[in-house]
$ cat work-v9.cif   # mmCIF, C-alpha atoms and all ligand atoms; chains and numbers go by the auth columns
data_work
loop_
_atom_site.group_PDB
_atom_site.id
_atom_site.type_symbol
_atom_site.label_atom_id
_atom_site.label_comp_id
_atom_site.label_asym_id
_atom_site.label_seq_id
_atom_site.Cartn_x
_atom_site.Cartn_y
_atom_site.Cartn_z
_atom_site.B_iso_or_equiv
_atom_site.auth_seq_id
_atom_site.auth_asym_id
ATOM 1 C CA MET A 1 -8.557 2.077 -8.004 0.00 26 A
ATOM 2 C CA GLU A 2 -5.945 3.813 -10.126 0.00 27 A
ATOM 3 C CA LYS A 3 -2.390 3.139 -9.109 0.00 28 A
ATOM 4 C CA VAL A 4 -0.768 6.007 -7.251 0.00 29 A
ATOM 5 C CA ILE A 5 2.871 6.913 -6.804 0.00 30 A
ATOM 6 C CA VAL A 6 4.725 9.397 -4.621 0.00 31 A
ATOM 7 C CA ASP A 7 6.429 12.249 -6.432 0.00 32 A
ATOM 8 C CA LYS A 8 9.653 12.377 -4.436 0.00 33 A
ATOM 9 C CA ASP A 9 10.364 15.910 -5.663 0.00 34 A
ATOM 10 C CA LYS A 10 7.272 17.082 -3.805 0.00 35 A
ATOM 11 C CA CYS A 11 7.257 14.800 -0.738 0.00 36 A
ATOM 12 C CA ILE A 12 8.523 16.468 2.440 0.00 37 A
ATOM 13 C CA GLY A 13 8.562 13.263 4.485 0.00 38 A
ATOM 14 C CA CYS A 14 5.849 14.385 6.906 0.00 39 A
ATOM 15 C CA GLY A 15 4.660 10.810 7.348 0.00 40 A
ATOM 16 C CA ALA A 16 0.939 11.471 7.120 0.00 41 A
ATOM 17 C CA CYS A 17 0.366 8.900 4.375 0.00 42 A
ATOM 18 C CA VAL A 18 2.500 6.280 6.127 0.00 43 A
ATOM 19 C CA SER A 19 0.589 6.736 9.401 0.00 44 A
ATOM 20 C CA LEU A 20 -2.749 6.656 7.643 0.00 45 A
ATOM 21 C CA VAL A 21 -2.215 3.643 5.377 0.00 46 A
ATOM 22 C CA ASP A 22 0.869 1.675 6.266 0.00 47 A
ATOM 23 C CA GLU A 23 -0.352 -1.219 4.124 0.00 48 A
ATOM 24 C CA VAL A 24 0.354 0.942 1.088 0.00 49 A
ATOM 25 C CA PHE A 25 2.912 3.625 1.970 0.00 50 A
ATOM 26 C CA GLU A 26 6.328 3.294 3.584 0.00 51 A
ATOM 27 C CA PHE A 27 9.445 5.388 4.016 0.00 52 A
ATOM 28 C CA GLY A 28 12.310 4.740 1.632 0.00 53 A
ATOM 29 C CA ASP A 29 15.995 4.953 2.515 0.00 54 A
ATOM 30 C CA ASP A 30 15.801 8.629 1.547 0.00 55 A
ATOM 31 C CA ASP A 31 13.257 9.229 4.373 0.00 56 A
ATOM 32 C CA LEU A 32 10.621 10.128 1.804 0.00 57 A
ATOM 33 C CA ALA A 33 7.420 8.190 1.294 0.00 58 A
ATOM 34 C CA GLN A 34 6.967 5.603 -1.413 0.00 59 A
ATOM 35 C CA VAL A 35 4.359 3.070 -2.402 0.00 60 A
ATOM 36 C CA LYS A 36 5.157 -0.476 -1.338 0.00 61 A
ATOM 37 C CA THR A 37 6.067 -2.708 -4.250 0.00 62 A
ATOM 38 C CA ASP A 38 3.490 -5.439 -3.641 0.00 63 A
ATOM 39 C CA VAL A 39 0.366 -3.263 -3.578 0.00 64 A
ATOM 40 C CA ASP A 40 -2.414 -4.531 -5.840 0.00 65 A
ATOM 41 C CA PHE A 41 -4.373 -1.388 -6.703 0.00 66 A
ATOM 42 C CA GLU A 42 -6.600 -3.128 -9.207 0.00 67 A
ATOM 43 C CA ASN A 43 -8.055 -5.576 -6.688 0.00 68 A
ATOM 44 C CA MET A 44 -7.850 -3.362 -3.625 0.00 69 A
ATOM 45 C CA ASP A 45 -10.759 -3.603 -1.223 0.00 70 A
ATOM 46 C CA LYS A 46 -13.005 -0.606 -0.895 0.00 71 A
ATOM 47 C CA ASP A 47 -12.058 0.401 2.641 0.00 72 A
ATOM 48 C CA LEU A 48 -8.364 0.373 1.830 0.00 73 A
ATOM 49 C CA ALA A 49 -8.987 2.280 -1.410 0.00 74 A
ATOM 50 C CA ASN A 50 -10.884 4.908 0.598 0.00 75 A
ATOM 51 C CA ASP A 51 -7.945 5.210 2.982 0.00 76 A
ATOM 52 C CA VAL A 52 -5.580 5.667 0.044 0.00 77 A
ATOM 53 C CA GLN A 53 -7.892 8.343 -1.333 0.00 78 A
ATOM 54 C CA ASP A 54 -7.804 10.082 2.061 0.00 79 A
ATOM 55 C CA ALA A 55 -4.007 9.954 1.973 0.00 80 A
ATOM 56 C CA VAL A 56 -3.980 11.480 -1.516 0.00 81 A
ATOM 57 C CA GLU A 57 -6.253 14.294 -0.363 0.00 82 A
ATOM 58 C CA GLY A 58 -4.430 14.717 2.950 0.00 83 A
ATOM 59 C CA CYS A 59 -0.923 15.009 1.568 0.00 84 A
ATOM 60 C CA PRO A 60 0.109 18.598 2.347 0.00 85 A
ATOM 61 C CA THR A 61 2.164 18.976 -0.814 0.00 86 A
ATOM 62 C CA GLY A 62 0.038 17.027 -3.274 0.00 87 A
ATOM 63 C CA ALA A 63 2.874 14.542 -3.745 0.00 88 A
ATOM 64 C CA ILE A 64 0.700 11.456 -4.124 0.00 89 A
ATOM 65 C CA ILE A 65 -0.367 11.335 -7.725 0.00 90 A
ATOM 66 C CA GLU A 66 -2.054 8.981 -10.138 0.00 91 A
ATOM 67 C CA LYS A 67 0.392 7.013 -12.180 0.00 92 A
ATOM 68 C CA LYS A 68 -0.202 7.634 -15.858 0.00 93 A
HETATM 69 S S1 LIG B . 1.748 12.752 3.119 0.00 101 A
HETATM 70 FE FE1 LIG B . 2.735 13.550 1.256 0.00 101 A
HETATM 71 S S2 LIG B . 4.456 14.784 1.994 0.00 101 A
HETATM 72 FE FE2 LIG B . 3.778 13.512 3.710 0.00 101 A
HETATM 73 S S3 LIG B . 5.114 11.694 3.605 0.00 101 A
HETATM 74 FE FE3 LIG B . 3.236 11.221 2.444 0.00 101 A
HETATM 75 S S4 LIG B . 3.708 11.770 0.312 0.00 101 A
HETATM 76 FE FE4 LIG B . 5.253 12.746 1.608 0.00 101 A
#

$ encode --input "work-v9.cif" --output "structure tokens" --more "lines below"
Ligand code: SF4
Amino acid sequence: MEKVIVDKDKCIGCGACVSLVDEVFEFGDDDLAQVKTDVDFENMDKDLANDVQDAVEGCPTGAIIEKK
């Protein structure tokens, strides 16, 4: 799947993405979500990719975006 990043200007730190997919999202020192550094989006298995997609769609502020 396409790599995603968290737009920290939009994240409100609700934790939904971290609870849903803690293999991919974590809280940074700023208490906002971020994508873990070792995530391999290109070779991600389908179930995990679906969970990431759910996190993208479930983020209340639309902060999880495709990295261009
Ligand atoms: S779901 Fe969205 S707003 Fe909530 S912590 Fe994750 S990126 Fe931030």

$ resolve_selection --input "work-v9.cif" --expression "the PyMOL selection byres (((not hetatm)) within 10 of (chain A and resi 101))" --output "ChimeraX atom specification"
/A:30-46,50-52,56-60,79-90

$ resolve_selection --input "work-v9.cif" --expression "the PyMOL selection byres (((chain A and resi 63) around 12) and not hetatm)" --output "MDAnalysis selection string"
chainID A and resid 28 48:51 59:62 64:69

$ axis_aligned_box --input "work-v9.cif" --around "region 54-62 of chain A" --padding-each-side "6 Å" --output "lines of an AutoDock Vina configuration file"
center_x = 10.2
center_y = 3.7
center_z = 0.1
size_x = 23.6
size_y = 24.8
size_z = 20.6

$ closest_residue --input "work-v9.cif" --among "A:Asp76, A:Glu91, A:Asp54, A:Asp70" --to "Glu27 (chain A)" --atoms "all atoms listed in the file"
A:Glu91
